[in-house]
2 protein chains.
Amino acid sequence: MADGPDRTYPHLHLRLTFANGGWIGPGKADLLEGIAETGSISGASRRMGMSYKRAWGLAEALNAMFQTPLVTASRGGPAHGGAELTEAGRAVLAHYRALQARACEAGAADMEALAALARGSDMAGRK
Amino acid sequence: MADGPDRTYPHLHLRLTFANGGWIGPGKADLLEGIAETGSISGASRRMGMSYKRAWGLAEALNAMFQTPLVTASRGGPAHGGAELTEAGRAVLAHYRALQARACEAGAADMEALAALARGSDMAGRK
């Protein structure tokens, strides 16, 4: 998870904004990943330390932002129903992760140079 | 300027966080660029549509984050004194811009794929 306790530094945070005003960043990507791995929005939200309401809102925002929904969910009473990614949801997650990996790889030398100039860099963990 | 009216889409926003808790993103990079190009924090802040106080605070945060100051400034009365980038300031700006350019180049195909899935992509301007 991008924001988990295992984060290493320097840490690159990527947000991609579309012409329609919507955007995807690490939180929405982590939500998609959490839904894929836990099979529910509630499971994903617990893993992210986020309220179910907020996670549901993010999933709705993602669905509205793309031409086809990314998440299909059955909203179910106290237990909350299951959820899964659609084909578009899997594609969006995969492209975001690939963007992240390629950006980190291409920018590695510049990120290291910036981290070396930062205060305390002699004590810093490196990605 | 990353956040100007000429922004094209999809737009990639990069924030790099260091182990010391500090971070640099497009706002701070634009501030450094504005100081280099206008010769003052007030000039940079005007260009960014940001208050002088906020710009001064960002410059101070940048100076505290790195081993040597990035910006030297003489704070002067109503007219506000001049400011310039140090060698470290020019290096940080150059590495951030290079990181941005390399990330955009390496991630171009994934960004295009994501933009093509987004709602309204048939009307979107492309970078």
# chains A, B, ... in the order shown; residues from 1 in each chain; ligands from 1
>>> calpha_fit_and_write(fixed="chain B", moving="chain A", output="CSV table (one decimal) with N, CA and C atoms, in the first residue's frame")
chain,number,residue,atom,x,y,z
A,1,MET,N,4.1,27.3,-16.3
A,1,MET,CA,3.7,27.0,-14.9
A,1,MET,C,2.8,25.8,-14.8
A,2,ALA,N,3.0,24.9,-14.0
A,2,ALA,CA,2.3,23.6,-13.9
A,2,ALA,C,0.8,23.9,-13.7
A,3,ASP,N,0.4,24.9,-13.0
A,3,ASP,CA,-1.0,25.1,-12.6
A,3,ASP,C,-1.6,26.2,-13.4
A,4,GLY,N,-1.0,26.6,-14.5
A,4,GLY,CA,-1.5,27.8,-15.2
A,4,GLY,C,-2.7,27.4,-16.1
A,5,PRO,N,-3.3,28.4,-16.8
A,5,PRO,CA,-4.4,28.1,-17.6
A,5,PRO,C,-4.1,27.3,-18.9
A,6,ASP,N,-2.8,27.2,-19.2
A,6,ASP,CA,-2.4,26.5,-20.4
A,6,ASP,C,-2.2,25.0,-20.1
A,7,ARG,N,-2.6,24.6,-18.9
A,7,ARG,CA,-2.4,23.2,-18.6
A,7,ARG,C,-3.1,22.3,-19.6
A,8,THR,N,-2.4,21.2,-20.0
A,8,THR,CA,-3.0,20.2,-20.9
A,8,THR,C,-3.3,19.0,-20.1
A,9,TYR,N,-4.1,18.1,-20.7
A,9,TYR,CA,-4.6,16.9,-20.0
A,9,TYR,C,-4.3,15.7,-20.9
A,10,PRO,N,-4.1,14.5,-20.2
A,10,PRO,CA,-4.0,14.3,-18.8
A,10,PRO,C,-2.8,15.0,-18.2
A,11,HIS,N,-3.0,15.5,-17.0
A,11,HIS,CA,-1.9,16.3,-16.3
A,11,HIS,C,-1.3,15.5,-15.1
A,12,LEU,N,0.0,15.3,-15.1
A,12,LEU,CA,0.6,14.5,-14.1
A,12,LEU,C,1.2,15.4,-13.0
A,13,HIS,N,0.8,15.2,-11.8
A,13,HIS,CA,1.2,16.0,-10.6
A,13,HIS,C,2.1,15.1,-9.8
A,14,LEU,N,3.3,15.5,-9.6
A,14,LEU,CA,4.3,14.7,-8.9
A,14,LEU,C,4.7,15.4,-7.5
A,15,ARG,N,4.7,14.6,-6.5
A,15,ARG,CA,5.1,15.1,-5.2
A,15,ARG,C,6.2,14.1,-4.6
A,16,LEU,N,7.3,14.6,-4.3
A,16,LEU,CA,8.4,13.8,-3.8
A,16,LEU,C,8.5,14.1,-2.3
A,17,THR,N,8.4,13.1,-1.4
A,17,THR,CA,8.5,13.2,0.0
A,17,THR,C,9.8,12.6,0.5
A,18,PHE,N,10.5,13.3,1.4
A,18,PHE,CA,11.8,12.9,1.9
A,18,PHE,C,11.6,12.2,3.3
A,19,ALA,N,12.6,11.5,3.7
A,19,ALA,CA,12.6,10.8,5.0
A,19,ALA,C,12.4,11.9,6.1
A,20,ASN,N,12.8,13.1,5.9
A,20,ASN,CA,12.7,14.1,6.9
A,20,ASN,C,11.3,14.7,7.0
A,21,GLY,N,10.4,14.2,6.2
A,21,GLY,CA,9.0,14.6,6.3
A,21,GLY,C,8.7,15.8,5.3
A,22,GLY,N,9.7,16.4,4.8
A,22,GLY,CA,9.5,17.5,3.8
A,22,GLY,C,9.1,16.9,2.5
A,23,TRP,N,8.6,17.8,1.6
A,23,TRP,CA,8.2,17.3,0.3
A,23,TRP,C,8.3,18.5,-0.7
A,24,ILE,N,8.5,18.1,-2.0
A,24,ILE,CA,8.5,19.1,-3.0
A,24,ILE,C,7.5,18.6,-4.1
A,25,GLY,N,6.6,19.6,-4.6
A,25,GLY,CA,5.7,19.3,-5.6
A,25,GLY,C,5.7,20.5,-6.6
A,26,PRO,N,4.7,20.5,-7.4
A,26,PRO,CA,4.6,21.5,-8.5
A,26,PRO,C,4.6,23.0,-7.9
A,27,GLY,N,3.9,23.2,-6.8
A,27,GLY,CA,3.8,24.6,-6.3
A,27,GLY,C,5.2,25.1,-5.8
A,28,LYS,N,5.9,24.3,-5.1
A,28,LYS,CA,7.2,24.7,-4.6
A,28,LYS,C,8.2,24.8,-5.8
A,29,ALA,N,8.1,23.9,-6.8
A,29,ALA,CA,8.9,24.1,-8.0
A,29,ALA,C,8.6,25.3,-8.8
A,30,ASP,N,7.3,25.6,-8.9
A,30,ASP,CA,6.9,26.9,-9.6
A,30,ASP,C,7.4,28.1,-8.8
A,31,LEU,N,7.4,28.0,-7.5
A,31,LEU,CA,7.9,29.1,-6.7
A,31,LEU,C,9.4,29.3,-7.0
A,32,LEU,N,10.2,28.3,-7.0
A,32,LEU,CA,11.6,28.4,-7.3
A,32,LEU,C,11.8,29.0,-8.6
A,33,GLU,N,11.1,28.5,-9.6
A,33,GLU,CA,11.2,29.0,-11.0
A,33,GLU,C,10.8,30.5,-11.1
A,34,GLY,N,9.8,30.8,-10.3
A,34,GLY,CA,9.3,32.2,-10.3
A,34,GLY,C,10.3,33.1,-9.7
A,35,ILE,N,11.0,32.7,-8.6
A,35,ILE,CA,12.0,33.5,-8.0
A,35,ILE,C,13.2,33.7,-9.0
A,36,ALA,N,13.6,32.6,-9.6
A,36,ALA,CA,14.7,32.6,-10.6
A,36,ALA,C,14.4,33.6,-11.7
A,37,GLU,N,13.2,33.6,-12.1
A,37,GLU,CA,12.8,34.4,-13.3
A,37,GLU,C,12.4,35.9,-13.0
A,38,THR,N,11.9,36.1,-11.8
A,38,THR,CA,11.4,37.5,-11.5
A,38,THR,C,12.4,38.2,-10.5
A,39,GLY,N,13.3,37.4,-9.9
A,39,GLY,CA,14.3,38.0,-9.0
A,39,GLY,C,13.7,38.4,-7.6
A,40,SER,N,12.5,38.0,-7.3
A,40,SER,CA,11.9,38.3,-6.0
A,40,SER,C,10.8,37.3,-5.6
A,41,ILE,N,10.6,37.2,-4.3
A,41,ILE,CA,9.5,36.3,-3.9
A,41,ILE,C,8.2,37.0,-4.2
A,42,SER,N,8.1,38.3,-4.1
A,42,SER,CA,6.9,39.0,-4.4
A,42,SER,C,6.5,38.8,-5.9
A,43,GLY,N,7.5,38.9,-6.7
A,43,GLY,CA,7.3,38.7,-8.2
A,43,GLY,C,6.8,37.3,-8.4
A,44,ALA,N,7.4,36.3,-7.8
A,44,ALA,CA,7.0,34.9,-8.0
A,44,ALA,C,5.6,34.7,-7.5
A,45,SER,N,5.3,35.3,-6.3
A,45,SER,CA,4.0,35.1,-5.7
A,45,SER,C,2.9,35.7,-6.6
A,46,ARG,N,3.1,36.9,-7.1
A,46,ARG,CA,2.2,37.6,-8.0
A,46,ARG,C,1.9,36.7,-9.2
A,47,ARG,N,2.9,36.1,-9.8
A,47,ARG,CA,2.8,35.3,-11.0
A,47,ARG,C,2.0,34.1,-10.7
A,48,MET,N,2.1,33.6,-9.4
A,48,MET,CA,1.3,32.4,-9.1
A,48,MET,C,0.0,32.7,-8.5
A,49,GLY,N,-0.4,33.9,-8.3
A,49,GLY,CA,-1.7,34.3,-7.7
A,49,GLY,C,-1.7,33.8,-6.3
A,50,MET,N,-0.6,34.0,-5.6
A,50,MET,CA,-0.5,33.5,-4.2
A,50,MET,C,-0.1,34.7,-3.4
A,51,SER,N,-0.4,34.7,-2.1
A,51,SER,CA,-0.1,35.8,-1.2
A,51,SER,C,1.4,35.8,-1.0
A,52,TYR,N,2.0,37.0,-0.8
A,52,TYR,CA,3.4,37.1,-0.5
A,52,TYR,C,3.8,36.3,0.8
A,53,LYS,N,2.9,36.4,1.7
A,53,LYS,CA,3.1,35.7,3.0
A,53,LYS,C,3.2,34.2,2.8
A,54,ARG,N,2.3,33.6,2.0
A,54,ARG,CA,2.3,32.2,1.7
A,54,ARG,C,3.6,31.8,0.9
A,55,ALA,N,4.0,32.6,-0.1
A,55,ALA,CA,5.2,32.3,-0.9
A,55,ALA,C,6.4,32.4,0.0
A,56,TRP,N,6.5,33.4,0.9
A,56,TRP,CA,7.6,33.5,1.9
A,56,TRP,C,7.6,32.2,2.8
A,57,GLY,N,6.5,31.8,3.2
A,57,GLY,CA,6.4,30.6,4.0
A,57,GLY,C,6.9,29.3,3.3
A,58,LEU,N,6.5,29.2,2.0
A,58,LEU,CA,7.0,28.1,1.2
A,58,LEU,C,8.5,28.1,1.0
A,59,ALA,N,9.0,29.3,0.8
A,59,ALA,CA,10.5,29.5,0.6
A,59,ALA,C,11.2,29.1,1.9
A,60,GLU,N,10.6,29.5,3.0
A,60,GLU,CA,11.3,29.1,4.3
A,60,GLU,C,11.2,27.6,4.5
A,61,ALA,N,10.1,27.0,4.1
A,61,ALA,CA,10.0,25.5,4.3
A,61,ALA,C,11.0,24.9,3.4
A,62,LEU,N,11.2,25.3,2.2
A,62,LEU,CA,12.2,24.8,1.3
A,62,LEU,C,13.6,24.9,1.9
A,63,ASN,N,13.9,26.1,2.4
A,63,ASN,CA,15.2,26.3,3.0
A,63,ASN,C,15.4,25.3,4.2
A,64,ALA,N,14.4,25.1,4.9
A,64,ALA,CA,14.6,24.2,6.1
A,64,ALA,C,14.7,22.8,5.7
A,65,MET,N,14.2,22.4,4.6
A,65,MET,CA,14.1,21.0,4.2
A,65,MET,C,15.4,20.5,3.6
A,66,PHE,N,16.3,21.4,3.1
A,66,PHE,CA,17.5,21.0,2.4
A,66,PHE,C,18.7,21.3,3.3
A,67,GLN,N,19.8,20.7,3.0
A,67,GLN,CA,21.0,20.9,3.8
A,67,GLN,C,21.6,22.3,3.7
A,68,THR,N,21.4,22.9,2.6
A,68,THR,CA,21.8,24.3,2.4
A,68,THR,C,20.6,25.1,1.9
A,69,PRO,N,20.4,26.4,2.2
A,69,PRO,CA,19.2,27.1,1.7
A,69,PRO,C,19.1,27.1,0.2
A,70,LEU,N,17.9,27.1,-0.3
A,70,LEU,CA,17.7,27.2,-1.8
A,70,LEU,C,17.4,28.6,-2.3
A,71,VAL,N,17.0,29.4,-1.3
A,71,VAL,CA,16.6,30.8,-1.7
A,71,VAL,C,17.3,31.8,-0.7
A,72,THR,N,17.9,32.8,-1.2
A,72,THR,CA,18.4,33.8,-0.4
A,72,THR,C,17.6,35.1,-0.7
A,73,ALA,N,17.1,35.7,0.4
A,73,ALA,CA,16.2,36.9,0.2
A,73,ALA,C,16.6,37.9,1.2
A,74,SER,N,16.4,39.2,0.8
A,74,SER,CA,16.5,40.3,1.8
A,74,SER,C,15.0,40.8,1.9
A,75,ARG,N,14.5,40.6,3.1
A,75,ARG,CA,13.1,41.0,3.3
A,75,ARG,C,13.1,42.5,3.5
A,76,GLY,N,12.4,43.2,2.5
A,76,GLY,CA,12.5,44.6,2.6
A,76,GLY,C,11.2,45.3,2.6
A,77,GLY,N,10.8,45.9,3.6
A,77,GLY,CA,9.7,46.8,3.8
A,77,GLY,C,8.5,46.6,2.8
A,78,PRO,N,7.9,47.7,2.4
A,78,PRO,CA,6.7,47.6,1.6
A,78,PRO,C,7.0,47.0,0.2
A,79,ALA,N,8.1,47.3,-0.3
A,79,ALA,CA,8.5,46.9,-1.7
A,79,ALA,C,9.0,45.5,-1.7
A,80,HIS,N,9.3,44.9,-0.6
A,80,HIS,CA,9.9,43.6,-0.5
A,80,HIS,C,11.2,43.5,-1.3
A,81,GLY,N,12.2,43.0,-0.7
A,81,GLY,CA,13.5,42.9,-1.3
A,81,GLY,C,13.6,41.8,-2.4
A,82,GLY,N,14.8,41.8,-3.0
A,82,GLY,CA,15.0,40.8,-4.0
A,82,GLY,C,15.3,39.5,-3.4
A,83,ALA,N,15.2,38.5,-4.3
A,83,ALA,CA,15.5,37.1,-3.9
A,83,ALA,C,16.2,36.4,-5.1
A,84,GLU,N,17.0,35.4,-4.7
A,84,GLU,CA,17.5,34.6,-5.8
A,84,GLU,C,17.8,33.2,-5.4
A,85,LEU,N,17.9,32.3,-6.3
A,85,LEU,CA,18.2,30.9,-6.0
A,85,LEU,C,19.7,30.7,-5.8
A,86,THR,N,20.0,29.9,-4.8
A,86,THR,CA,21.4,29.5,-4.6
A,86,THR,C,21.7,28.4,-5.6
A,87,GLU,N,23.0,27.9,-5.6
A,87,GLU,CA,23.3,26.8,-6.4
A,87,GLU,C,22.5,25.6,-6.1
A,88,ALA,N,22.2,25.3,-4.8
A,88,ALA,CA,21.4,24.2,-4.4
A,88,ALA,C,20.0,24.4,-4.9
A,89,GLY,N,19.5,25.6,-4.9
A,89,GLY,CA,18.1,25.9,-5.4
A,89,GLY,C,18.0,25.6,-6.8
A,90,ARG,N,19.0,26.0,-7.6
A,90,ARG,CA,19.0,25.7,-9.1
A,90,ARG,C,19.1,24.2,-9.3
A,91,ALA,N,19.9,23.5,-8.5
A,91,ALA,CA,20.0,22.1,-8.6
A,91,ALA,C,18.6,21.4,-8.3
A,92,VAL,N,18.0,21.8,-7.2
A,92,VAL,CA,16.7,21.2,-6.8
A,92,VAL,C,15.7,21.4,-7.9
A,93,LEU,N,15.6,22.6,-8.4
A,93,LEU,CA,14.6,22.9,-9.5
A,93,LEU,C,14.9,22.1,-10.7
A,94,ALA,N,16.2,22.0,-11.1
A,94,ALA,CA,16.5,21.3,-12.3
A,94,ALA,C,16.2,19.8,-12.2
A,95,HIS,N,16.5,19.2,-11.0
A,95,HIS,CA,16.2,17.8,-10.8
A,95,HIS,C,14.7,17.5,-10.7
A,96,TYR,N,13.9,18.5,-10.1
A,96,TYR,CA,12.5,18.3,-10.1
A,96,TYR,C,11.9,18.3,-11.5
A,97,ARG,N,12.4,19.3,-12.3
A,97,ARG,CA,11.9,19.4,-13.7
A,97,ARG,C,12.3,18.2,-14.5
A,98,ALA,N,13.5,17.7,-14.3
A,98,ALA,CA,13.9,16.5,-15.0
A,98,ALA,C,13.1,15.3,-14.6
A,99,LEU,N,12.8,15.2,-13.3
A,99,LEU,CA,12.0,14.1,-12.8
A,99,LEU,C,10.6,14.1,-13.5
A,100,GLN,N,10.1,15.3,-13.5
A,100,GLN,CA,8.7,15.5,-14.1
A,100,GLN,C,8.8,15.1,-15.6
A,101,ALA,N,9.8,15.6,-16.3
A,101,ALA,CA,9.9,15.3,-17.8
A,101,ALA,C,10.1,13.8,-18.0
A,102,ARG,N,10.9,13.2,-17.2
A,102,ARG,CA,11.2,11.7,-17.4
A,102,ARG,C,10.0,10.9,-17.0
A,103,ALA,N,9.3,11.3,-16.0
A,103,ALA,CA,8.2,10.5,-15.6
A,103,ALA,C,7.1,10.6,-16.7
A,104,CYS,N,6.9,11.8,-17.2
A,104,CYS,CA,5.9,12.0,-18.3
A,104,CYS,C,6.2,11.2,-19.5
A,105,GLU,N,7.5,11.2,-19.8
A,105,GLU,CA,7.9,10.4,-21.0
A,105,GLU,C,7.8,8.9,-20.8
A,106,ALA,N,8.2,8.5,-19.7
A,106,ALA,CA,8.2,7.0,-19.4
A,106,ALA,C,6.7,6.5,-19.3
A,107,GLY,N,5.9,7.4,-18.7
A,107,GLY,CA,4.5,7.0,-18.4
A,107,GLY,C,3.5,7.4,-19.5
A,108,ALA,N,4.0,7.9,-20.6
A,108,ALA,CA,3.1,8.5,-21.7
A,108,ALA,C,2.1,7.5,-22.1
A,109,ALA,N,2.5,6.2,-22.4
A,109,ALA,CA,1.5,5.3,-22.9
A,109,ALA,C,0.4,4.9,-21.9
A,110,ASP,N,0.8,4.8,-20.6
A,110,ASP,CA,-0.1,4.5,-19.6
A,110,ASP,C,-1.1,5.7,-19.3
A,111,MET,N,-0.5,6.9,-19.4
A,111,MET,CA,-1.4,8.1,-19.2
A,111,MET,C,-2.4,8.2,-20.3
A,112,GLU,N,-1.9,7.9,-21.5
A,112,GLU,CA,-2.9,7.9,-22.7
A,112,GLU,C,-4.0,6.9,-22.5
A,113,ALA,N,-3.6,5.7,-22.1
A,113,ALA,CA,-4.5,4.6,-21.9
A,113,ALA,C,-5.6,5.0,-20.9
A,114,LEU,N,-5.1,5.6,-19.8
A,114,LEU,CA,-6.0,6.0,-18.7
A,114,LEU,C,-7.0,7.1,-19.2
A,115,ALA,N,-6.4,8.1,-19.9
A,115,ALA,CA,-7.2,9.2,-20.4
A,115,ALA,C,-8.2,8.7,-21.4
A,116,ALA,N,-7.9,7.7,-22.2
A,116,ALA,CA,-8.8,7.1,-23.2
A,116,ALA,C,-10.0,6.4,-22.5
A,117,LEU,N,-9.8,5.9,-21.3
A,117,LEU,CA,-10.8,5.2,-20.5
A,117,LEU,C,-11.7,6.3,-19.8
A,118,ALA,N,-11.2,7.5,-19.6
A,118,ALA,CA,-11.9,8.5,-18.8
A,118,ALA,C,-13.1,9.0,-19.6
A,119,ARG,N,-14.2,9.4,-18.9
A,119,ARG,CA,-15.3,9.9,-19.5
A,119,ARG,C,-15.0,11.3,-20.2
A,120,GLY,N,-15.5,11.5,-21.3
A,120,GLY,CA,-15.3,12.7,-22.0
A,120,GLY,C,-13.9,12.8,-22.7
A,121,SER,N,-13.2,11.6,-22.8
A,121,SER,CA,-11.9,11.7,-23.4
A,121,SER,C,-11.9,12.0,-24.9
A,122,ASP,N,-13.0,11.9,-25.6
A,122,ASP,CA,-13.1,12.2,-27.0
A,122,ASP,C,-13.0,13.7,-27.2
A,123,MET,N,-13.3,14.5,-26.1
A,123,MET,CA,-13.2,16.0,-26.2
A,123,MET,C,-12.0,16.5,-25.6
A,124,ALA,N,-11.1,15.7,-25.1
A,124,ALA,CA,-10.0,16.2,-24.2
A,124,ALA,C,-8.8,16.6,-25.1
A,125,GLY,N,-8.2,17.7,-24.6
A,125,GLY,CA,-6.9,18.1,-25.2
A,125,GLY,C,-5.9,17.1,-24.7
A,126,ARG,N,-4.8,16.8,-25.4
A,126,ARG,CA,-3.8,15.9,-25.0
A,126,ARG,C,-2.5,16.6,-24.9
A,127,LYS,N,-1.7,16.1,-23.9
A,127,LYS,CA,-0.4,16.7,-23.8
A,127,LYS,C,0.5,16.1,-24.9
>>> select_by_dssp(residues="chain B", states="strand (DSSP E or B)", output="list in words")
His11, Leu12, His13, Leu14, Arg15, Leu16, Thr17, Trp23, Ile24, Phe66, Val71, Thr72, Ala73, Ala83, Glu84, Leu85 and Ala118 of chain B
>>> select_by_dssp(residues="region 5-122 of chain A", states="helix (DSSP H, G or I)", output="JSON, numbers by chain")
{"A": [26, 27, 28, 29, 30, 31, 32, 33, 34, 35, 36, 37, 38, 41, 42, 43, 44, 45, 46, 47, 48, 52, 53, 54, 55, 56, 57, 58, 59, 60, 61, 62, 63, 64, 65, 87, 88, 89, 90, 91, 92, 93, 94, 95, 96, 97, 98, 99, 100, 101, 102, 103, 104, 105, 106, 108, 109, 110, 111, 112, 113, 114, 115, 116, 117, 121, 122]}
